[in-house]
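K.L.:
This is target.cif (mmCIF, C-alpha atoms and all ligand atoms).
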```
data_structure
loop_
_atom_site.label_atom_id
_atom_site.label_comp_id
_atom_site.auth_asym_id
_atom_site.auth_seq_id
_atom_site.Cartn_x
_atom_site.Cartn_y
_atom_site.Cartn_z
CA MET Y 1 91.00 100.78 6.57
CA THR Y 2 90.06 99.74 3.07
CA VAL Y 3 88.80 101.82 0.17
CA VAL Y 4 86.76 99.93 -2.38
CA ALA Y 5 87.37 101.91 -5.58
CA LEU Y 6 84.81 101.40 -8.34
CA TYR Y 7 85.94 102.37 -11.85
CA GLY Y 8 83.13 102.97 -14.33
CA SER Y 9 85.22 103.67 -17.43
CA PRO Y 10 86.36 100.97 -19.85
CA HIS Y 11 89.60 103.00 -20.17
CA ARG Y 12 92.09 102.34 -17.39
CA ARG Y 13 94.10 105.35 -18.54
CA GLY Y 14 91.10 107.54 -19.37
CA PHE Y 15 90.19 110.80 -17.65
CA SER Y 16 88.07 109.47 -14.81
CA SER Y 17 90.41 106.54 -14.03
CA ALA Y 18 93.47 108.81 -14.06
CA LEU Y 19 91.82 111.22 -11.60
CA HIS Y 20 90.72 108.32 -9.43
CA ASP Y 21 94.28 106.96 -9.36
CA ILE Y 22 95.66 110.31 -8.16
CA LEU Y 23 93.26 110.21 -5.19
CA LEU Y 24 93.96 106.56 -4.43
CA GLU Y 25 97.74 106.85 -4.64
CA ARG Y 26 97.62 109.60 -2.04
CA LEU Y 27 95.30 107.53 0.16
CA ALA Y 28 97.57 104.49 -0.18
CA SER Y 29 100.56 106.57 0.92
CA SER Y 30 98.69 107.55 4.08
CA GLY Y 31 97.99 103.93 4.98
CA TRP Y 32 94.71 103.01 3.29
CA THR Y 33 94.42 99.61 1.64
CA ILE Y 34 92.97 99.98 -1.86
CA ARG Y 35 90.78 97.42 -3.59
CA ARG Y 36 90.26 98.41 -7.20
CA VAL Y 37 87.20 97.12 -9.04
CA TYR Y 38 87.00 97.80 -12.78
CA ALA Y 39 83.33 97.33 -13.62
CA TYR Y 40 84.08 96.51 -17.26
CA ASP Y 41 86.41 93.66 -16.24
CA GLU Y 42 83.87 92.00 -13.97
CA SER Y 43 81.20 89.57 -14.94
CA ILE Y 44 78.12 91.18 -13.41
CA ALA Y 45 74.67 90.21 -14.66
CA PRO Y 46 71.94 92.85 -14.63
CA CYS Y 47 69.37 92.72 -11.84
CA THR Y 48 66.19 91.03 -13.08
CA ASP Y 49 63.91 92.02 -10.17
CA CYS Y 50 63.31 88.33 -9.44
CA GLY Y 51 62.58 89.04 -5.76
CA PHE Y 52 65.12 86.51 -4.45
CA CYS Y 53 66.82 89.10 -2.18
CA ARG Y 54 63.58 90.30 -0.56
CA ASP Y 55 64.01 87.98 2.39
CA ARG Y 56 67.67 86.94 2.32
CA PHE Y 57 71.06 88.64 1.97
CA GLU Y 58 71.85 86.85 -1.25
CA CYS Y 59 71.40 87.19 -5.00
CA VAL Y 60 70.14 84.57 -7.40
CA HIS Y 61 72.99 85.40 -9.81
CA ARG Y 62 76.28 83.62 -9.08
CA ASP Y 63 78.91 86.03 -10.39
CA ALA Y 64 81.48 88.65 -9.37
CA MET Y 65 79.03 90.38 -7.03
CA GLU Y 66 79.23 87.45 -4.61
CA SER Y 67 82.74 88.51 -3.63
CA LEU Y 68 81.93 92.22 -3.67
CA TYR Y 69 79.00 92.53 -1.26
CA GLY Y 70 81.13 91.90 1.83
CA PRO Y 71 83.97 94.31 0.91
CA LEU Y 72 81.48 97.00 -0.17
CA CYS Y 73 79.59 96.74 3.12
CA ASP Y 74 82.66 96.55 5.36
CA ALA Y 75 84.90 99.14 3.64
CA GLY Y 76 86.00 102.36 5.31
CA ALA Y 77 85.25 104.23 2.08
CA ILE Y 78 83.77 103.70 -1.36
CA THR Y 79 85.08 105.84 -4.19
CA VAL Y 80 83.48 105.88 -7.61
CA SER Y 81 84.87 107.30 -10.85
CA SER Y 82 83.00 107.35 -14.11
CA PRO Y 83 82.52 109.02 -17.46
CA VAL Y 84 79.07 110.28 -18.33
CA TYR Y 85 77.37 108.11 -20.97
CA PHE Y 86 74.11 109.54 -22.33
CA SER Y 87 74.11 111.78 -19.27
CA SER Y 88 74.32 108.90 -16.78
CA PHE Y 89 76.56 106.02 -15.68
CA PRO Y 90 77.86 103.48 -18.22
CA GLY Y 91 75.79 100.30 -18.16
CA GLN Y 92 78.36 98.02 -16.58
CA LEU Y 93 78.77 100.27 -13.53
CA LYS Y 94 75.00 100.66 -13.33
CA ASN Y 95 74.67 96.86 -13.29
CA LEU Y 96 76.95 96.74 -10.26
CA ILE Y 97 74.96 99.47 -8.52
CA ASP Y 98 71.59 97.86 -9.34
CA ARG Y 99 72.84 94.58 -7.88
CA CYS Y 100 73.27 96.39 -4.56
CA GLN Y 101 69.50 96.02 -4.33
CA VAL Y 102 70.49 93.02 -2.16
CA VAL Y 103 71.86 95.52 0.39
CA TRP Y 104 68.89 97.89 -0.04
CA GLU Y 105 66.49 95.03 0.72
CA LYS Y 106 68.55 93.98 3.75
CA ASN Y 107 68.49 97.57 5.07
CA ARG Y 108 64.71 97.67 4.57
CA ARG Y 109 64.30 94.49 6.63
CA SER Y 110 66.43 96.17 9.34
CA GLY Y 111 68.90 93.39 8.77
CA GLY Y 112 71.84 95.54 9.89
CA MET Y 113 73.15 98.53 7.95
CA PRO Y 114 76.56 98.33 6.27
CA ALA Y 115 79.42 99.97 8.21
CA ARG Y 116 79.34 103.79 8.20
CA LYS Y 117 81.87 104.96 5.66
CA ARG Y 118 82.84 107.75 3.31
CA GLY Y 119 81.63 108.03 -0.26
CA TYR Y 120 83.35 110.04 -2.96
CA LEU Y 121 82.56 110.60 -6.63
CA ILE Y 122 84.67 111.61 -9.64
CA LEU Y 123 82.86 112.31 -12.93
CA THR Y 124 84.02 113.39 -16.38
CA SER Y 125 82.06 114.35 -19.47
CA GLY Y 126 82.99 115.14 -23.06
CA ARG Y 127 80.83 118.25 -23.23
CA SER Y 128 79.56 120.90 -20.87
CA TYR Y 129 75.84 121.63 -20.72
CA PRO Y 130 73.37 122.40 -17.93
CA ASN Y 131 72.96 119.50 -15.51
CA VAL Y 132 75.42 117.27 -17.38
CA PHE Y 133 76.34 115.53 -14.12
CA SER Y 134 72.97 115.65 -12.34
CA PRO Y 135 71.62 112.19 -13.31
CA SER Y 136 74.88 110.48 -12.24
CA ILE Y 137 74.94 112.43 -8.97
CA ILE Y 138 71.39 111.35 -8.15
CA VAL Y 139 72.22 107.69 -8.86
CA ALA Y 140 75.36 107.99 -6.72
CA ARG Y 141 73.32 109.57 -3.90
CA HIS Y 142 70.95 106.63 -3.91
CA PHE Y 143 73.88 104.16 -3.98
CA PHE Y 144 75.82 105.93 -1.21
CA ASN Y 145 72.73 106.12 0.99
CA THR Y 146 72.19 102.39 0.53
CA MET Y 147 75.83 101.61 1.37
CA ASN Y 148 75.66 103.92 4.44
CA CYS Y 149 78.23 106.34 3.04
CA ALA Y 150 78.67 109.88 4.32
CA PHE Y 151 79.18 112.14 1.30
CA ASP Y 152 79.33 115.80 0.45
CA GLU Y 153 78.11 116.52 -3.05
CA GLY Y 154 79.78 119.94 -2.93
CA GLU Y 155 83.16 118.22 -2.81
CA TYR Y 156 82.83 115.83 -5.73
CA PHE Y 157 85.42 116.12 -8.48
CA LEU Y 158 83.58 117.01 -11.69
CA LEU Y 159 85.51 117.52 -14.93
CA PRO Y 160 83.34 118.53 -17.91
CA ASP Y 161 84.45 119.26 -21.46
CA THR Y 162 87.20 116.67 -21.79
CA GLU Y 163 86.77 116.54 -25.57
CA GLY Y 164 89.98 117.95 -26.99
CA MET Y 165 91.90 117.77 -23.69
CA ALA Y 166 95.16 115.81 -23.73
CA GLY Y 167 94.65 114.70 -20.12
CA PRO Y 168 93.29 115.98 -16.81
CA PRO Y 169 94.41 119.58 -16.08
CA PRO Y 170 97.53 119.69 -13.87
CA GLU Y 171 95.67 121.50 -11.05
CA SER Y 172 93.48 118.38 -10.62
CA ALA Y 173 96.22 116.72 -8.59
CA SER Y 174 96.32 119.32 -5.81
CA ARG Y 175 92.52 119.34 -5.49
CA LEU Y 176 92.44 115.52 -5.22
CA GLU Y 177 95.28 115.55 -2.74
CA GLU Y 178 93.24 117.92 -0.57
CA MET Y 179 90.38 115.41 -0.77
CA ALA Y 180 92.71 112.62 0.27
CA VAL Y 181 93.70 114.57 3.39
CA LYS Y 182 90.01 114.85 4.36
CA PHE Y 183 89.75 111.07 4.19
CA GLY Y 184 92.22 110.90 7.05
CA GLN Y 185 89.76 112.64 9.33
CA SER Y 186 86.99 110.72 11.05
CA PRO Y 187 83.79 110.35 8.98
CA PRO Y 188 81.80 113.59 9.08
CA ASP Y 189 78.43 113.47 10.72
CA ILE Y 190 76.52 113.95 7.48
CA PRO Y 191 73.09 112.34 7.62
CA CYS Y 192 71.88 110.33 4.63
CA ARG Y 193 70.11 112.65 2.18
CA SER Y 194 66.68 111.81 0.95
CA LEU Y 195 66.35 111.38 -2.79
C1 LIG Y 201 78.75 105.91 -25.24
C2 LIG Y 201 79.20 107.28 -24.83
C3 LIG Y 201 78.26 108.18 -24.39
C4 LIG Y 201 78.65 109.47 -23.99
N1 LIG Y 201 77.69 110.34 -23.56
C5 LIG Y 201 78.06 111.58 -23.18
C6 LIG Y 201 77.07 112.50 -22.72
O1 LIG Y 201 75.88 112.21 -22.63
N2 LIG Y 201 77.48 113.74 -22.36
C7 LIG Y 201 78.81 114.12 -22.44
O2 LIG Y 201 79.12 115.28 -22.12
N3 LIG Y 201 79.77 113.24 -22.82
C8 LIG Y 201 79.42 111.98 -23.19
N4 LIG Y 201 80.38 111.09 -23.59
C9 LIG Y 201 81.82 111.48 -23.51
C10 LIG Y 201 82.50 110.97 -22.23
O3 LIG Y 201 81.71 111.23 -21.09
C11 LIG Y 201 83.86 111.65 -22.04
O4 LIG Y 201 84.66 111.41 -23.18
C12 LIG Y 201 84.55 111.22 -20.78
O5 LIG Y 201 85.45 112.23 -20.36
C13 LIG Y 201 85.33 109.91 -20.94
O6 LIG Y 201 85.88 109.55 -19.69
P1 LIG Y 201 86.97 108.38 -19.56
O7 LIG Y 201 88.18 108.86 -20.31
O8 LIG Y 201 87.19 108.28 -18.10
O9 LIG Y 201 86.37 107.13 -20.15
C14 LIG Y 201 80.03 109.82 -24.02
C15 LIG Y 201 80.97 108.89 -24.48
C16 LIG Y 201 80.56 107.64 -24.88
C17 LIG Y 201 81.60 106.64 -25.36
#
```
For this file, produce the structure as structure tokens.
Ligand SMILES: Cc1cc2nc3c(=O)[nH]c(=O)nc-3n(C[C@H](O)[C@H](O)[C@H](O)COP(=O)(O)O)c2cc1C
P.N.:
Amino acid sequence: MTVVALYGSPHRRGFSSALHDILLERLASSGWTIRRVYAYDESIAPCTDCGFCRDRFECVHRDAMESLYGPLCDAGAITVSSPVYFSSFPGQLKNLIDRCQVVWEKNRRSGGMPARKRGYLILTSGRSYPNVFSPSIIVARHFFNTMNCAFDEGEYFLLPDTEGMAGPPPESASRLEEMAVKFGQSPPDIPCRSL
């Protein structure tokens, strides 16, 4: 089984990427194949709502997304890590998500849903204030629903207030290792949530 791991931070050794790596290393040691995708390293044009994907499983843009649609649809899990930028996802990760409109349109045409899979989210923010993670969680919900991911928002790893921290708190590792164990179980029967 493959995990497609989407990294939203430009920093490979930043907070969200480091937390993501802890989860993925544990998954790799229990037999998962990991495909890492660093959004900032990929050439992904923004969706222009041109309508090209309304009747075909294809995008007008010829870029990195061409080789990502298949793995994203067929994966056994999609994991996403990201910092909060202006209370939402950084633009490059949002470009990738918006380009999954191709899949959303295919689902709407009943063109065959992507494989049922797990979805998991790791978020970090510099500050802590009410609803700091809510916009990102809503975007992720929409994305996971489109990709046919089972997810449990109560289990996401959320680390606020990183400003001034030297690195993720040591207890993060045990919590992420617990999450990795849950990945070994069969996908939970969690229905897609409405937005
Ligand atoms: C452009 C930009 C916008 C940011 N916006 C927010 C924000 O709205 N709220 C917040 O709490 N932190 C904000 N931050 C801080 C980051 O979310 C925080 O430093 C995060 O932990 C970085 O994660 P990383 O190390 O994985 O990149 C912002 C940082 C940048 C560079």
K.L.:
What does the list of residues within 10 Å of ligand LIG 201 (chain Y) look like if you count only C-alpha atoms and all ligand atoms, written as number ranges by chain?
P.N.:
Y: 7-20, 81-91, 122-129, 131-133, 159-165, 167-168
K.L.:
Measuring between only C-alpha atoms, which one of Y:Ser30, Y:Gln92, Y:Asn148, Y:Ser136 shows the shortest distance to Ala180 in chain Y?
P.N.:
Y:Ser30
K.L.:
How many Å separate CA of Leu72 in chain Y from CA of Val4 in chain Y?
P.N.:
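Computing the Euclidean distance for CA of Leu72 in chain Y and CA of Val4 in chain Y yields 6.4 Å.
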K.L.:
Name the closest residue to Phe157 in chain Y among the candidates Y:Trp32, Y:Leu23, Y:Arg116, Y:Arg141; distances are taken between atoms, counting all atoms listed in the file.
P.N.:
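Nearest to Phe157 in chain Y: Y:Leu23.
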K.L.:
Around the point (88.1, 100.5, 1.5) (coordinates from the file), which residues reach within 10 Å if we count only C-alpha atoms? Answer as a list of chain:residue names.
P.N.:
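Applying the cut-off with only C-alpha atoms, one gets Y:Met1, Y:Thr2, Y:Val3, Y:Val4, Y:Ala5, Y:Trp32, Y:Thr33, Y:Ile34, Y:Arg35, Y:Arg36, Y:Pro71, Y:Leu72, Y:Cys73, Y:Asp74, Y:Ala75, Y:Gly76, Y:Ala77, Y:Ile78, Y:Thr79, Y:Lys117, Y:Arg118.
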K.L.:
For the selection you just gave me, I'd like the residues written to a file as a compact mmCIF listing (two decimals), keeping the file's coordinate frame, keeping C-alpha atoms.
P.N.:
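Result went into result04.txt, see below:
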```txt
# COMPACT_ATOMS: atom_id res chain seq x y z
CA MET Y 1 91.00 100.78 6.57
CA THR Y 2 90.06 99.74 3.07
CA VAL Y 3 88.80 101.82 0.17
CA VAL Y 4 86.76 99.93 -2.38
CA ALA Y 5 87.37 101.91 -5.58
CA TRP Y 32 94.71 103.01 3.29
CA THR Y 33 94.42 99.61 1.64
CA ILE Y 34 92.97 99.98 -1.86
CA ARG Y 35 90.78 97.42 -3.59
CA ARG Y 36 90.26 98.41 -7.20
CA PRO Y 71 83.97 94.31 0.91
CA LEU Y 72 81.48 97.00 -0.17
CA CYS Y 73 79.59 96.74 3.12
CA ASP Y 74 82.66 96.55 5.36
CA ALA Y 75 84.90 99.14 3.64
CA GLY Y 76 86.00 102.36 5.31
CA ALA Y 77 85.25 104.23 2.08
CA ILE Y 78 83.77 103.70 -1.36
CA THR Y 79 85.08 105.84 -4.19
CA LYS Y 117 81.87 104.96 5.66
CA ARG Y 118 82.84 107.75 3.31
```
K.L.:
Calculate how many Å separate CA of Arg54 in chain Y from CA of Ser67 in chain Y, rounding to one decimal.
P.N.:
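Straight-line distance from CA of Arg54 in chain Y to CA of Ser67 in chain Y works out to 19.5 Å.
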K.L.:
Between CA of Glu58 in chain Y and CA of Asp98 in chain Y, what is the distance, to one decimal in Å?
P.N.:
13.7 Å
K.L.:
Which of these, Y:Ala150, Y:Asp21, Y:Pro114, Y:Ser29, has the shortest distance to Ala173 in chain Y once you count all atoms listed in the file?
P.N.:
Y:Asp21
K.L.:
Rank Y:Leu68, Y:Ala28, Y:Asp41, Y:Cys149 by their smallest atom-to-atom distance to Met113 in chain Y, using all atoms listed in the file, and report the top residue only.
P.N.:
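Distance minimum relative to Met113 in chain Y lands on Y:Cys149.
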K.L.:
Using all atoms of range 126-141 of chain Y that appear in the file, construct an axis-aligned enclosing box with 5 Å of padding on every side and provide its centre coordinates and edge lengths in Å, rounded to one decimal, as AutoDock Vina command-line options.
P.N.:
```
--center_x 77.2 --center_y 115.0 --center_z -13.6 --size_x 21.6 --size_y 24.7 --size_z 29.3
```
K.L.:
Of the candidates Y:Cys53, Y:Arg62, Y:Leu27, Y:Phe144, which one gets nearest to Phe183 in chain Y if we count all atoms listed in the file?
P.N.:
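Between Y:Cys53, Y:Arg62, Y:Leu27, Y:Phe144, the residue approaching Phe183 in chain Y most closely is Y:Leu27.
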K.L.:
Could you list as JSON, numbers by chain every residue that has an atom within 9 Å of (68.4, 102.6, -4.4), using the file's coordinates and counting only C-alpha atoms?
P.N.:
{"Y": [97, 98, 100, 101, 104, 139, 141, 142, 143, 144, 145, 146]}
K.L.:
For Gly31 in chain Y, which residue among Y:Ile138, Y:Met65, Y:Ile44, Y:Val181 is the nearest when counting all atoms listed in the file?
P.N.:
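Result for the nearest residue to Gly31 in chain Y: Y:Val181.
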